[in-house]
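> Here it is: the structure, laid out below.
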Amino acid sequence: MSPAPGGAPATAAVAAYKAILQRVLENRPSGTRGRLAQALGKNRSFVTQITNPAYLVPIPAKHVAIIFDVCHLSGAERTAFLEAYGRAHPGRLRASHREARTRTIAVTVPDLGDDKKNRALEQLVIDFAAQLARYANLRFPTQGHSPSGGRPDASAATGR
């Protein structure tokens, strides 16, 4: 696929949010692009296309939350990205992408005696938590108020 020709307002708007994401990825540890490809269920060439401002391929709205999880955008980076994305694709993002509810938990892990190994273990735990959250959202989507308080019943949890 060849880069899209410049000039159109939509092209500039898409390029703007891709440039933000490209800068973010340049400042992340090596392997982040591979983890992003894996989390998206795509190959690395797809990640190249959605992060290179020269390509017009837009980032699908459903991938935005995954990108935020894997790439760990700061508050300022996230705000800039969402503003640029909103200009490029008005109304495409749901409110959940703008204001994701999260909780922080602490996990105790062994000290591996090496900074590189410790960072890799920390990233593994972060990636696992993000995948688990995505799975939980698919398996048990948020529902309206129910007698169980929104909790899945035992048959839903066991698949019976």
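Residue numbering restarts at 1 in every chain; chains get A, B, ... in the order shown in the structure tokens, and ligands count up from 1 in that same order.
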Would you kindly return, as a PyMOL selection string, each protein, DNA or RNA residue with an atom no farther than 12 Å from any atom of segment 74-79 of chain A, considering only C-alpha atoms and excluding same-chain residues fewer than 6 positions away?

chain A and resi 17-25+27-28+64-65+67-68+85-86+97-100

> What's around segment 52-57 of chain A at 7 Å? Count only C-alpha atoms, leave out sequence neighbours fewer than 2 positions away in its own chain, and write the answer as a CSV table (one decimal) with N, CA and C atoms, in the first residue's frame.


```
chain,number,residue,atom,x,y,z
A,3,PRO,N,1.7,5.4,0.4
A,3,PRO,CA,1.2,6.5,1.3
A,3,PRO,C,0.1,7.2,0.5
A,4,ALA,N,-0.9,7.8,1.3
A,4,ALA,CA,-1.9,8.5,0.7
A,4,ALA,C,-1.4,9.9,0.3
A,11,THR,N,-7.2,13.9,5.5
A,11,THR,CA,-5.9,13.3,5.5
A,11,THR,C,-5.0,13.9,6.5
A,14,VAL,N,-6.2,12.8,10.1
A,14,VAL,CA,-5.8,11.4,10.4
A,14,VAL,C,-4.3,11.4,10.7
A,15,ALA,N,-3.5,12.1,9.9
A,15,ALA,CA,-2.1,12.2,10.0
A,15,ALA,C,-1.7,12.8,11.4
A,18,LYS,N,-2.1,10.1,14.1
A,18,LYS,CA,-1.1,9.1,13.9
A,18,LYS,C,0.3,9.6,14.3
A,19,ALA,N,0.6,10.9,14.1
A,19,ALA,CA,1.9,11.5,14.5
A,19,ALA,C,2.0,11.4,16.0
A,22,GLN,N,2.7,7.9,16.8
A,22,GLN,CA,4.1,7.5,16.4
A,22,GLN,C,5.1,8.1,17.4
A,48,THR,N,2.3,-0.7,11.7
A,48,THR,CA,3.1,0.3,10.9
A,48,THR,C,2.1,1.2,10.2
A,49,GLN,N,1.1,0.6,9.6
A,49,GLN,CA,0.2,1.4,8.8
A,49,GLN,C,-0.7,2.3,9.7
A,50,ILE,N,-1.1,1.9,10.8
A,50,ILE,CA,-1.9,2.8,11.7
A,50,ILE,C,-1.1,3.7,12.5
A,59,ILE,N,-7.3,4.5,12.2
A,59,ILE,CA,-7.3,3.5,13.3
A,59,ILE,C,-8.7,3.3,13.6
```

> Can you tell me, as a list in words, what residues are no more than 12 Å from segment 110-120 of chain A when counting only C-alpha atoms, ignoring any on the same chain fewer than 2 positions away?

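Close residues of segment 110-120 of chain A: Pro29, Ser30, Gly31, Thr32, Val107, Thr108, Glu122, Gln123, Leu124, Val125, Ile126 and Asp127 of chain A.
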
> Taking N, CA and C atoms for each residue, export the selection above as a compact mmCIF listing (two decimals), in the first residue's frame.


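The resulting file, again-v7.txt, is shown below:
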```txt
# COMPACT_ATOMS: atom_id res chain seq x y z
N PRO A 29 9.44 1.20 25.29
CA PRO A 29 10.47 0.15 25.17
C PRO A 29 10.33 -0.64 23.87
N SER A 30 11.45 -1.19 23.43
CA SER A 30 11.38 -2.04 22.23
C SER A 30 10.44 -3.20 22.53
N GLY A 31 9.77 -3.64 21.52
CA GLY A 31 8.80 -4.72 21.68
C GLY A 31 7.37 -4.23 21.85
N THR A 32 7.20 -2.92 22.06
CA THR A 32 5.85 -2.40 22.25
C THR A 32 5.01 -2.57 21.00
N VAL A 107 0.24 -5.71 43.16
CA VAL A 107 0.62 -7.11 43.01
C VAL A 107 2.07 -7.24 43.46
N THR A 108 2.33 -8.14 44.37
CA THR A 108 3.69 -8.37 44.83
C THR A 108 4.33 -9.45 43.97
N GLU A 122 7.20 -6.74 35.01
CA GLU A 122 6.17 -5.73 35.24
C GLU A 122 5.30 -5.55 34.00
N GLN A 123 5.93 -5.48 32.82
CA GLN A 123 5.18 -5.32 31.58
C GLN A 123 4.30 -6.54 31.32
N LEU A 124 4.80 -7.72 31.64
CA LEU A 124 4.02 -8.94 31.48
C LEU A 124 2.75 -8.89 32.33
N VAL A 125 2.88 -8.45 33.58
CA VAL A 125 1.73 -8.36 34.48
C VAL A 125 0.74 -7.31 33.95
N ILE A 126 1.24 -6.17 33.49
CA ILE A 126 0.38 -5.11 32.96
C ILE A 126 -0.38 -5.61 31.73
N ASP A 127 0.35 -6.28 30.82
CA ASP A 127 -0.29 -6.80 29.61
C ASP A 127 -1.33 -7.86 29.95
```

> Using only C-alpha atoms, which residue out of A:Ala37, A:Ile66, A:Ala61, A:Ala13 lies closest to Arg87 of chain A?

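Under the stated criterion, the closest residue is A:Ala13.
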
> Between A:Ile105, A:Ala80, A:Val70, A:Ala16, which has the minimum distance to Ala130 of chain A (counting only C-alpha atoms)?

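Among the listed residues, the smallest separation from Ala130 of chain A belongs to A:Val70.
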
> State, in Å with one decimal place, the distance from atom CA of Thr51 of chain A to atom CA of Arg92 of chain A.

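These atoms are spaced 18.4 Å apart.
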
> Could you tell me which of A:Cys71, A:Pro58, A:Ala84, A:Ala129 comes closest to Gly34 of chain A if we count only C-alpha atoms?

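Of the candidates, the smallest distance to Gly34 of chain A is held by A:Cys71.
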
> Restricting the calculation to only C-alpha atoms, which member of A:Leu93, A:Arg35, A:Tyr135, A:Asn43 is positioned closest to His63 of chain A?

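The shortest atom-to-atom distance to His63 of chain A comes from A:Leu93.
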